[in-house]
Structures are given as C-alpha cells and as structure tokens.
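Here is the structure we will look at.
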Number of protein chains: 2
Amino acid sequence: MSNYRPPVSDLAFVLEHVVGYPDVARLPGFEHADLATVVELLEQCGDFMANVVAPTNQPGDVEGARRQPDGSVTTPASFKPAYRQYVDAGWGSVPFPEEFDGGGFPWSVGLAIQEMLASSNMAFALCPLLTQGAIDALLHHGDQAQKLRYLPKMISGEWTGTMNLTEPQAGSDVGALTTRAVPRADGTYAITGQKIYITYGEHDMADQIVHLVLARTPNAPAGTKGISCFIVPKFLVNDDGSLGEHNGVNCLSIEHKLGIHGAPTCVLSYEDATGYLIGEENLGMRIMFVMMNSARLSVGTQGLAIGERAYQQALDFAQERRQGLAIGATGVNSAIIDHPDVRRMLLTQKAYLAALRRLMLFNAVHMDRSTHDPDETGRARANEIVGLLTPICKSFGTDLGVELTSLALQVYGGMGYIEETGASQHYRDVRITPIYEGTNGIQAADLVGRKLGIRDGASVTEFLSTMREVEAELADAGDEFDSIRLELGRQFDTLETATQWMLRTGRADPNAVLSGSTPYLRMWGLCTGGWLLARSALAARGIDDAELAETQLVLARFYAEQLLPQSGGLFGAATAGSRDLFALDAAALSDSARLRQNAPLN
Amino acid sequence: MSNYRPPVSDLAFVLEHVVGYPDVARLPGFEHADLATVVELLEQCGDFMANVVAPTNQPGDVEGARRQPDGSVTTPASFKPAYRQYVDAGWGSVPFPEEFDGGGFPWSVGLAIQEMLASSNMAFALCPLLTQGAIDALLHHGDQAQKLRYLPKMISGEWTGTMNLTEPQAGSDVGALTTRAVPRADGTYAITGQKIYITYGEHDMADQIVHLVLARTPNAPAGTKGISCFIVPKFLVNDDGSLGEHNGVNCLSIEHKLGIHGAPTCVLSYEDATGYLIGEENLGMRIMFVMMNSARLSVGTQGLAIGERAYQQALDFAQERRQGLAIGATGVNSAIIDHPDVRRMLLTQKAYLAALRRLMLFNAVHMDRSTHDPDETGRARANEIVGLLTPICKSFGTDLGVELTSLALQVYGGMGYIEETGASQHYRDVRITPIYEGTNGIQAADLVGRKLGIRDGASVTEFLSTMREVEAELADAGDEFDSIRLELGRQFDTLETATQWMLRTGRADPNAVLSGSTPYLRMWGLCTGGWLLARSALAARGIDDAELAETQLVLARFYAEQLLPQSGGLFGAATAGSRDLFALDAAALSDSARLRQNAPLN
C-alpha cells in the first residue's frame, strides 16, 4: 500500500490565498498563529501523521477492535502506541484554549490537522474527534470546577470523551430517548439506561473515558425539551484528580460494522451510574447544538480526508499498472493513467477534493470569525455563514467521499475488489459518514427548514450575491477564464431560482421544500465548490508560480465545464414538490402486493 | 432480514406490454414459450428462488467460501443443498437448446430467471452464470463430440463451468496473457500457466468443473490475435462419460474480497494439464466475443437484481421504523416512509429499478430476435440494437446497482452500517459488477469506439429516431403525459447533439471521444430508461387496471421530471474533449511533488 502524502502545500495555498486565513491570524487572540507558524506546524503534523498514524490504517482494519469476556475492549495493537505518541506530541490540543493547556490556535488550523489525521486512519481519528466534541460541550456549558477537573486531561488527550445520544428507538429522533437521571441528595444524578452506537465507548488507549450522556430527569417535558446532559466518567475522579472506583457503566457488546473496524462502536449500559449535570436540567439539546456545527464540519472533512487517501493510492496505481496501448502510444503497453477514462476518474477525484478542501476551510475560517471577530456584526454574519454552509459541508463532503472512494476503487479494476490493496477499506470506512452526526437527509432538512429562512431569506440571498462577485473578477481575468465565468453564471442563476422557489414555498408547503431538499443541497455543494475553485484560479495568477497557476486554472475549468453542470440537472428534482413522492402507497411501491392480487394466471 | 418478493407481476407486465415478448413467442422455435406459459414458469421460479435460494444469502456471506489445506474449496454449508435443488428443478437449463436437454425457451425468459436468482443470492448465482458462459462458447464453437460430451451435464447443472481469461499482467488487456498450450501427439494440448480471479474455479457443489482456458500456442501471433480457447476439465472424462483422473489444474488460493464472500474467486495453476482445443487455434477472442453480449447483459442485470433486493428490504424497514413526526402527522412518531426525503430515496430506487428491468428485457428480446427472426434483415437489425445497448445495460445497470444499494443502506440510517441488517452486504456484493466482465470504462470505450460507427452512424441514428416516436404517442395521450413528453424531447435533443459530436469527432480525435465516453454512456442510460418508462405508462393506459396505470404514470413522470434531467448535466463532460484531462502531469496531480519543491517554508 502507498504511503500517505499530506497535502500541506494545498492546505497552505488555500489558507493563504483562497479562504483569507491571514485575516484570521490578525484577530485578537490569534496573534501567535501567523501563517508562517501555521504552515510549519502543518508540515510537522503531516510528517507525524504520515509516519506514525498512517501505517496503522490497514493493519487496524484487519485486526479490528475486540470486546473481551470481561467487558473490556481491545483496539488494534498498533493503536495504543500511536495514540500515546499523538498525545505526547500534543496534536489534539492545538485548537483549544491556552487556559486549559491547549495551543490556542484557530479552529481552521485544527480542521486542517483533522483532515490529515482522518486521511491517515479514520478509525483511529474518531477517538480524538469524539473527545473534541465532549471538550466543546464542557468549554461552553461546564462550570469552572468541571472544566478544571476534566478539560486539561481531555485536551491533552490523556483522557478521551464520548457522546451518548442514540438509543435503539431514538436515532435521528433524539427526543425519543428514555435513559433516566434521578437526582441524589449529594447533587449528583443516578443514570440508568442503555445507549447504542457509542464510538470509543470503551477502549484501551486511555486511562479514563469521560462520557457525556443525554438523559431525562423525572417529570422532564416530553421530547427534546426534556433532555439533560451529564458527565459520567468511567472512573470516578477523586478530589486530588486521581482515579477512583469504576462507575456504573459497562460495555455490553460492540457492533460488527461495514467499516471503521478499528473503532469500537459500543452498546453501553448505565446502571445507577454517577452523573454530574452540565449547566441546568433540560438544556441537553442546547448543549448538543453548541458542538453540532464543528462536529458536522469535521465529519464532512472525513469525506474529504478518506477521498484524498484513496485518490493518492489510485493515482500511484494508475502510474504503475500497465494495460493496453493508449491512443498514439507505441511499445508493449501503457500506464493506465494514459487512458482517457482513467484520467477522467483521477481528475474528477482531484477536482472534487480540491473543491471540498476549500469549502471546509472556508467554513472553518468563518467559525473562527464567529468567535473571535471583535466586531459583533462581523461575528453574527460569520455565524450565519457557518450555519448555512455546515449542512452543505457535511452532506456534500460525505456523499462525495462515498462517490470518490468508489472511483478510486474503480481505477484499480479487479484489484480494487480484493481487500489486500486497501482500496475497498476506504470505500467501507467512508460509508458511515453520510449517516452519523445527522444523516444527510437531516442536513438537507436543516438547510431548507432552518437556514434558508434566517432574516426572511436575506442571509442566504446575501451569500449568493457574495458568490456572484467572482463573475466580475473572472471577466477581468482574461479569455481563459471565460468558460468558467459562463458556467458559473448559468449555474448561479439556476441556484438563485431554486432558492427563490424554496423561500416562496417554504411556509405554505413545508413538505414540498423537504421533498426537494437533498437535490437542492447538492446544487449548493456543486456551486460553492465551483466558486471556490474559481477563486483559487484567480488567486493563483497573482503568485509567481506558473505550475500552480496552471493547475488551479485547469481544476477550476474542468470543474466548471464538466462537473458543475450537474447542478442544473438537479433543478427539476429540487423544485418538483411532494406530489409524485407521495403518489404511490406502500403496496404500489412493492410489487408483491400486486402479484398476489393481479397476477395474470392466478 | 426480510424475505425476497420476486417481482413477477412487473416482469410479466414488461414482457407483455413494454418489450414485445408476444412477438418473440411467435418466432419459429419458441412456439411453446407463449406468454401464459412463461408467466407461470416465472411464478414457479420466483417461488423457488424466494424459498430455496434467498435464505442462503446472508448466511453465505457470513460463512464465506474457504480453501482447505488440500486445495479443495468449501462453499457455505447452505449452498450445496440449494444447488442440488436448483439442478433438480432444472432452472439453469431453461434457455438452452432442447437438443442438449435444455428447455428451448427464449433468452429473455432466461434473463428474467437470472434476475430473480441474482436477487436471491448473487454469490450463489455466479456459479450458474459462469457455467452459462461456458455453455454459450461450446454451443457456438465446439465440435459435435465436445457438445455431446459436455453440454447435457453443463446445461442440467450437474457439471459447472468457468472462464479463465485473467492473469496478473493481463486484466482489461487480455492480449497480454502468457499461459502456454503446447500441442501433443494425440491432438490434445498441454496447458501450463496461472490464472487469477477465476470465479468458482474450485468448489464442492458439483462433481466436475469444465474450465474454458485462454492460452497461447507456440509461435502464435502477439496480442489478442494469438489466443486460443481450450476445454480443460477438472477431471478427465472417460469415453463412457464417467470421470477419470484429476487433470493438472489446482487451486492455489482464494481471494479475500469486499463482497460475494460465498463465491470462491480462485487462483488456478495449470501444470501440463490436458486441454482440448475449441474450434481452431487463434480463435480464442472470437469465441469470447460470442458470449460477451449475453454475459455483459447478465452482469448489468445483477446490478438491477441486487438493487431490487436491497430496495425491498429498505422499503420494509421504512414502514417499520418510526422516528420523528412527519409534517401534518399527529401522535408520537411516524414511520420514516412518511418523511419526504425517505420517500425520495425509495421512489428513486423504484423508478431506476423499473427503468433497468425494462432496458435489460428490451435488450434480451432483441437477442432472441437476433437469433430466431426468420428474416435476415430483422436478425441483423436486432443484432445491431443488442450491440448498441449491451454496453449501456452493463454500465448503467451496475453503476446504478452501486448507487441504489447505497441509497437503500442510507434508508436504514445507522443500522445500515451494521452488518447484521444485511443492507451493507448488498452494497459490498454489487461493487464488483462495474468491474468484471469488462470494466465500465471498457464498456464506454466499446460504445463510442465500436458501436457508434456501425454503418457510419446510421445504426445509432435510426435507434434514436425509434426512441423519438414515443413523443408523438405521448402528445396523443393527454395532458398528464405532457411533462414527460417535454422532458424526454429536451433530453433526446441533447443526446442527439452529443451523438453528432461523437460521430463527427471520432475519426479525427479518438482520444476526445474516449474522454467523454463515460458521461456519454450515462446519458444513454438515462434516456433509454426514460423512454421505456414512458412506453410503460402509455401501455398501462390500455389495460383495465387503474392502479397499474397510475403506478406506471407516476414512475415515468417522476423519472422524466426529476431523474432524467441529469442527462443534460453530463453534456459538457461528454463533449469537452481531452484537453483538460491531459493538462496536468502526474506531479501536478499529486501534491507531494509540489510540496517538496515549493513548500513556503522549506
């Protein structure tokens, strides 16, 4: 299997020239995170990921996580030492406050690190990712004693964290959960219930696991309004910070999954476990929402990350594998990269991956602005943009992750279907990403149901106007940008029309906008990707690097001419309304019903 | 896991009303295969598949095929008894000549059986499928003695067959194979070499395996022109038909694959094995081409078949699983089928599967005409249509197989990612289909490189004209067919324009047409699917079955308005030429090269 090559040069280019990172580095609190420092950090991080984490990916898939008879869970043999080095190097602490021993770097830098970590080993990366979510929740809603007790060790990575939402009857419908939290006289709560799909709910990589658990207190309101969030540490923590007795939480089983075999997905049983309330009762969903944007952006980035790793391997294979004679070639046979259709597969991957990286970092930069811009209006606007782009990043990134790993597998031909080459592992691993952290259908509903209506549609309309500013810049940039400008203009027109339809229809007929939500979200993904690639091509002109300028121009043009037009092809589905979706009942959707009633000979 | 429900009612409707099966039943030799007989046969076959084969699917995946230390291969425990019943029932013999104890039914009937078999258990279905290919080759090119010796037992299924093409250095490039065939004094050949990816190359379901092996005789011309085809039975056959000594063929190992775990994929070693030449030396590729159309159509049908099984399970799940409250619903929660985006996923699967079934059977009916039409012109035209549609059936069917099993998995949410629910098995199993029997890239090259040019483009142009006849019929059919007519007309226009571009460009710039071949093929798949669904909607009006008419109308309209427009979105990619695909060299395609040379801080 090929080595992982961290895309640090593209990350550096995008941060500096495409998404405006230098402005972030000037925000109060980020003075130490200037571009040069960040690029050096990413270089070092890339080396670490490539050398320490990436080699654990395939062996970890083969070995898998295992639950032992005593209820403990063993991760693949390579994970524990790699995690130890990860903690020692401090990579998990980079974007967290210095107050709790974090690096104090912007979130956009943390996201660039996450991309490389997930490319190196997604199953491994999930442990720090879940920890990060728990840290976020405590940072925003924990009290100072809780922060001091848990955050330094979670930020360092010595302790890991989990998120406990799902129960068998409560998946997308979080409000249906039934885990109980009964107040005790000492101010703690007794937590009892069963949680499923708990990533790294039990493992052997750290001494302590800090579970954040959603549960209902007695007499809490029904649905999402009656959910509270609790800290339930695997081991109770003594006043001196040392670990005490085992809390009432146990791993009943782990799931047998399509992929991410190295990551244990646990069924956890809570029996009279000691829990510590975060914030107040019934604030659970609000606490979850705090971390939702960053967690969803991280999952979108996983789609990019696994797509990138799969692409690199396919690119290497396409240069080594020789089959047939390309048009105009002589000799015995050609590397398959010389066959046009293989080129199409590779360039499609490359262009989409470039678009995704720009989109994720653009969003992350606005997260940084939403928290650190000294101007309140600036923070509010950045927050709106994050809200708008997050469902797009999550869904478009993960849907493309699936499609691009499939293309990478296809480049391998028959060898792609053999597990040993590693192509199929990426295809299996990435398939969870359109599902978890809110299915992509939930993301689409969030886009049309929550985000479009902000300021009566003014928020999204303003963003579309911002995107369209690129057309004038492309017009000034010379003939070779003409086709990009024309295609972007055409597709922006269509996206605007669809958006107007959504805004017009939304209140009167929510089912109609939900019916078109997924194709509409894809239009957004395609258009924002084309927009950011066009910005990349424009920016690259200004740098004294002809090769870079040519690469960015080709990617932007290929995308605009050959991928972006699919956006227009989705307009019909986005705006068709709900009639035909609901025209057939379940019997008509299933042939068997007809067969038994109407088969010609019965 | 849900039971499989054979779609016999849809098969019967399509055969009778959409693809013109009654005309096939009137062809000489098919008199006994009237529609009523065929539908009854399919009913019985469906019952068999649902009751005997379908239950072996998931256990077979879990258990997998295993190679024993002695080189024998054990299939999953349920396979052998199910195969015995399959042979006893005679399902494999249906479409083969009565002369060799076959049923003498049209190929279109055989394909309908294949769909149900592959839906029931694709890994299992591969054994009869490979046997069928070997039968085809012997039927067309074997001498009478070979036919009498092998065909009756292969047609009954007592003996199974394999196709031995691939070698490590010879995949898509079959001409690169090096297995040697040295003539012996007795007229047999000594076969020596190694073959890989041999499906059911060794197994325990039958007493005998008849390998068809491609090899080179001494001094044969280079490339595909110097390949001969040999019968190499696992056991030599005595003159009385009994089995003799073990031939020099052994299974060295079996592959660890992403899916179809129940089907052993073997590395076979031939050492001085006795082979019997089929036809003449150097005719190997011609013999392969004989069975290519039917094999490729069968693989396209696998995409449909697995998609159908996955869809049925997702549909069942969507009615059982309750999450959240649908718009306008009251009570605690709704079945997820009431959520618009879940409906979109289900109807997308349903409409594409209906389109694929029509396309596969339309092609199969023309295969029957190409062999049995008493009129030579009719046979020739049918053969052209088969040639044109086969790469479309293979690629569109298998690409959709991947996409639709992914949608089915998505309907399950988190449970789709857990192997126990079975959704992920379909997703894994189907992923081989875009690869084997000619990768989908090879199919696209076949379409633009071989099929478009037939009669200087007149063949394809005539077929487009035939398709466009539906527009006038839709215009006569009433207002509710208007949107279907408009969308079909628009997309046919675009397909015609792309076809003219292909025909114009082909000779001067073969790289340009190859560069656009895959999106162009997809346009064909989308348009032929929409065409056949429109024909279904028109035909269903004439039947006294309001429910059927409504279902067909909704499927045709949903497809035309919401899926078909994606065809137009591919026009840019189909006709962009090769410039941008070849604009970046391997270094530019890989960031690492840039990083090491141009990293800002190095």
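Chain lettering (A, B, ...) mirrors the order of the structure tokens, residue numbering begins at 1 for each chain separately, and ligand numbering begins at 1 in order of display.
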
Checklist entry - Using only C-alpha atoms, which chain B residues lie at most 7 Å away from chain A, written as a PyMOL selection string? => result chain B and resi 5+7-10+40+172-173+255-258+323-324+327+340-341+343-344+347+410+413-414+417-419+424+432+435-436+439+441+511+514-515+551+554+558+561-562+565-566+568-570+572-573+580-581+584+588+591-592+594-595+599+601

Selection export as a short mmCIF file (atom, residue, chain, number, x, y, z; two decimals), in the first residue's frame, atoms kept: C-alpha atoms:
```
data_model
loop_
_atom_site.label_atom_id
_atom_site.label_comp_id
_atom_site.auth_asym_id
_atom_site.auth_seq_id
_atom_site.Cartn_x
_atom_site.Cartn_y
_atom_site.Cartn_z
CA ARG B 5 -40.50 -10.98 -3.08
CA PRO B 7 -41.22 -9.10 -9.00
CA VAL B 8 -43.11 -11.47 -11.26
CA SER B 9 -46.00 -9.11 -11.86
CA ASP B 10 -43.69 -6.42 -13.18
CA GLU B 40 -46.47 -19.48 -14.98
CA SER B 172 -8.54 -5.48 -19.28
CA ASP B 173 -5.64 -6.18 -21.65
CA GLU B 255 -9.17 -14.09 -2.70
CA HIS B 256 -10.29 -12.09 0.32
CA LYS B 257 -12.81 -9.79 -1.28
CA LEU B 258 -15.03 -6.83 -0.40
CA GLN B 323 -38.72 8.27 14.01
CA GLY B 324 -39.91 11.86 14.35
CA ILE B 327 -45.44 17.23 8.56
CA PRO B 340 -40.31 13.26 2.20
CA ASP B 341 -36.59 12.63 1.89
CA ARG B 343 -39.76 8.84 0.08
CA ARG B 344 -37.34 10.39 -2.39
CA LEU B 347 -39.00 6.33 -5.24
CA GLN B 410 -28.97 5.12 3.76
CA GLY B 413 -29.54 5.07 8.91
CA GLY B 414 -27.07 3.77 11.48
CA TYR B 417 -23.84 0.26 8.64
CA ILE B 418 -24.22 -2.74 10.95
CA GLU B 419 -23.63 -5.95 9.04
CA SER B 424 -24.30 -3.46 3.71
CA ILE B 432 -17.76 -5.97 -8.25
CA ILE B 435 -15.50 -4.01 -12.67
CA TYR B 436 -15.80 -7.52 -14.04
CA THR B 439 -14.90 -2.56 -16.61
CA GLY B 441 -14.75 2.24 -18.75
CA ASN B 511 -8.89 10.48 -27.52
CA LEU B 514 -12.86 8.32 -25.29
CA SER B 515 -12.53 11.24 -22.88
CA THR B 551 -48.10 3.48 -10.83
CA VAL B 554 -46.08 8.24 -11.62
CA PHE B 558 -41.03 11.20 -11.59
CA GLU B 561 -39.01 15.36 -14.31
CA GLN B 562 -36.62 14.50 -11.51
CA PRO B 565 -32.57 15.99 -16.45
CA GLN B 566 -29.23 14.79 -15.11
CA GLY B 568 -28.31 17.20 -19.85
CA GLY B 569 -25.95 17.95 -16.98
CA LEU B 570 -23.49 15.47 -18.49
CA GLY B 572 -20.45 19.28 -21.06
CA ALA B 573 -18.38 16.36 -19.81
CA ASP B 580 -8.13 19.26 -19.57
CA LEU B 581 -7.92 15.55 -18.79
CA LEU B 584 -1.84 18.04 -15.66
CA ALA B 588 0.68 18.21 -10.69
CA ASP B 591 0.51 17.50 -4.18
CA SER B 592 3.56 15.91 -2.68
CA ARG B 594 4.81 20.44 -5.22
CA LEU B 595 5.25 20.29 -1.52
CA ALA B 599 6.68 24.47 0.24
CA LEU B 601 8.95 27.33 4.44
#
```

Item to check | Picked from segment 272-512 of chain B by DSSP as helix (DSSP H, G or I), as a ChimeraX atom specification | outcome: /B:284-320,336-338,340-372,376-411,413-417,419-421,423-430,440-451,454-476,479-506,510-512

Item to check | Who sits within 9 Å of segment 525-536 of chain B, only C-alpha atoms, same chain under 5 positions skipped, as an NGL selection string | outcome: :B and (13-14 or 17-19 or 351-352 or 354-356 or 358-359 or 362 or 389 or 392-393 or 395-397 or 467-468 or 470 or 473-474 or 481 or 484-485 or 488 or 491-492 or 495 or 520 or 541 or 549 or 552-553 or 555-557 or 559-560 or 563-567)

Item to check | Close residues, Gly307 of chain A itself excluded, 8 Å, only C-alpha atoms, min 3 positions apart in chain, as JSON, numbers by chain | outcome: {"A": [119, 303, 304, 310, 311, 349, 353, 400, 401, 402, 404, 405, 426]}

Saved selection, atoms kept: C-alpha atoms, as a compact mmCIF listing (two decimals), in the first residue's frame:
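Output file out.txt is given in full below:
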```txt
# COMPACT_ATOMS: atom_id res chain seq x y z
CA SER A 119 -6.67 10.53 5.98
CA GLY A 303 -15.33 12.55 3.50
CA LEU A 304 -12.63 14.75 2.01
CA ALA A 310 -8.00 6.78 -1.68
CA TYR A 311 -7.15 9.17 -4.50
CA GLN A 349 -11.37 12.99 -7.78
CA LEU A 353 -11.22 17.02 -3.41
CA LEU A 400 -18.58 12.82 -2.40
CA GLY A 401 -16.47 10.79 -0.01
CA VAL A 402 -18.55 7.77 -0.96
CA LEU A 404 -14.83 9.37 -4.86
CA THR A 405 -13.65 6.32 -2.93
CA HIS A 426 -11.66 3.38 2.21
```

Checklist entry - So, counting only C-alpha atoms, which residue among A:Pro76, A:Gly279, A:Gly46, A:Gly71 is closest to Ile260 of chain A? => result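 Selected residue with least distance to Ile260 of chain A: A:Pro76.
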
Next on the checklist: So that I can check the secondary structure, give me every residue of segment 65-252 of chain A assigned strand (DSSP E) by backbone DSSP, as a ChimeraX atom specification.
Outcome noted: /A:66-67,73-74,159-164,180-183,189-199,208-215,228-233,235-237,243-246,249-252

Selected residues written out with C-alpha atoms, as an mmCIF file, in the first residue's frame:
```
data_model
loop_
_atom_site.group_PDB
_atom_site.id
_atom_site.type_symbol
_atom_site.label_atom_id
_atom_site.label_comp_id
_atom_site.auth_asym_id
_atom_site.auth_seq_id
_atom_site.Cartn_x
_atom_site.Cartn_y
_atom_site.Cartn_z
ATOM 1 C CA ARG A 66 -12.489 -6.671 20.094
ATOM 2 C CA ARG A 67 -14.544 -6.907 23.218
ATOM 3 C CA VAL A 73 -12.335 -3.573 24.671
ATOM 4 C CA THR A 74 -9.034 -4.039 22.908
ATOM 5 C CA TRP A 159 -8.476 11.169 28.875
ATOM 6 C CA THR A 160 -10.873 10.628 25.990
ATOM 7 C CA GLY A 161 -14.510 11.589 25.596
ATOM 8 C CA THR A 162 -17.711 10.170 24.125
ATOM 9 C CA MET A 163 -21.112 11.421 23.092
ATOM 10 C CA ASN A 164 -24.083 9.303 24.258
ATOM 11 C CA ARG A 180 -33.225 8.227 33.235
ATOM 12 C CA ALA A 181 -31.337 10.603 35.512
ATOM 13 C CA VAL A 182 -32.578 10.658 39.089
ATOM 14 C CA PRO A 183 -31.247 13.397 41.398
ATOM 15 C CA TYR A 189 -27.626 12.060 39.472
ATOM 16 C CA ALA A 190 -28.163 8.332 39.162
ATOM 17 C CA ILE A 191 -28.035 7.496 35.447
ATOM 18 C CA THR A 192 -29.765 4.347 34.202
ATOM 19 C CA GLY A 193 -30.391 3.261 30.635
ATOM 20 C CA GLN A 194 -28.848 1.802 27.521
ATOM 21 C CA LYS A 195 -27.053 3.681 24.774
ATOM 22 C CA ILE A 196 -26.042 2.315 21.352
ATOM 23 C CA TYR A 197 -23.562 3.309 18.660
ATOM 24 C CA ILE A 198 -21.191 4.838 21.202
ATOM 25 C CA THR A 199 -17.934 5.390 19.355
ATOM 26 C CA GLN A 208 -10.152 7.380 31.623
ATOM 27 C CA ILE A 209 -13.196 7.896 29.416
ATOM 28 C CA VAL A 210 -15.451 10.868 30.033
ATOM 29 C CA HIS A 211 -18.928 10.055 28.775
ATOM 30 C CA LEU A 212 -21.345 12.864 28.023
ATOM 31 C CA VAL A 213 -24.776 11.311 28.367
ATOM 32 C CA LEU A 214 -28.182 12.642 27.400
ATOM 33 C CA ALA A 215 -30.926 11.558 29.805
ATOM 34 C CA SER A 228 -30.375 16.994 30.141
ATOM 35 C CA CYS A 229 -26.672 16.374 29.641
ATOM 36 C CA PHE A 230 -24.450 14.674 32.188
ATOM 37 C CA ILE A 231 -20.792 13.942 32.693
ATOM 38 C CA VAL A 232 -20.448 10.244 33.512
ATOM 39 C CA PRO A 233 -16.783 9.335 33.903
ATOM 40 C CA PHE A 235 -13.882 6.034 36.778
ATOM 41 C CA LEU A 236 -14.994 8.425 39.465
ATOM 42 C CA VAL A 237 -12.409 11.154 39.980
ATOM 43 C CA LEU A 243 -8.978 7.931 39.511
ATOM 44 C CA GLY A 244 -11.280 6.215 41.959
ATOM 45 C CA GLU A 245 -13.757 3.397 41.668
ATOM 46 C CA HIS A 246 -15.342 2.148 38.443
ATOM 47 C CA VAL A 249 -21.153 1.985 33.062
ATOM 48 C CA ASN A 250 -20.302 -1.163 31.114
ATOM 49 C CA CYS A 251 -19.819 -2.169 27.507
ATOM 50 C CA LEU A 252 -22.319 -4.920 26.681
#
```

Give me the residues near segment 55-62 of chain A as a compact mmCIF listing (two decimals) with N, CA and C atoms, in the first residue's frame, where near means some atom within 7 Å (using only C-alpha atoms) and where sequence neighbours in that chain fewer than 4 positions away do not count.
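Once everything was written out, this is result-v9.txt:
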```
# COMPACT_ATOMS: atom_id res chain seq x y z
N ASN A 51 3.97 9.30 9.17
CA ASN A 51 4.93 8.33 9.69
C ASN A 51 4.40 7.49 10.84
N PRO A 76 -6.88 -2.33 17.97
CA PRO A 76 -5.77 -2.98 17.26
C PRO A 76 -4.42 -2.64 17.90
N SER A 78 -1.59 -1.70 17.07
CA SER A 78 -0.80 -0.52 16.72
C SER A 78 -1.42 0.77 17.26
N PHE A 79 -2.68 0.72 17.68
CA PHE A 79 -3.37 1.97 18.03
C PHE A 79 -2.84 2.59 19.32
N SER A 120 -5.07 9.65 7.51
CA SER A 120 -4.09 8.67 7.98
C SER A 120 -4.79 7.43 8.53
N ASN A 121 -5.84 7.63 9.28
CA ASN A 121 -6.56 6.48 9.84
C ASN A 121 -7.87 6.99 10.43
N ILE A 260 -14.66 1.01 9.39
CA ILE A 260 -14.02 1.53 10.62
C ILE A 260 -13.94 0.43 11.68
N HIS A 261 -13.33 -0.68 11.25
CA HIS A 261 -13.25 -1.84 12.14
C HIS A 261 -12.38 -1.59 13.36
N GLY A 262 -11.42 -0.68 13.23
CA GLY A 262 -10.54 -0.43 14.36
C GLY A 262 -11.22 0.36 15.47
N GLY A 422 -6.31 -2.36 -0.26
CA GLY A 422 -6.66 -1.22 0.59
C GLY A 422 -7.72 -0.30 0.01
```
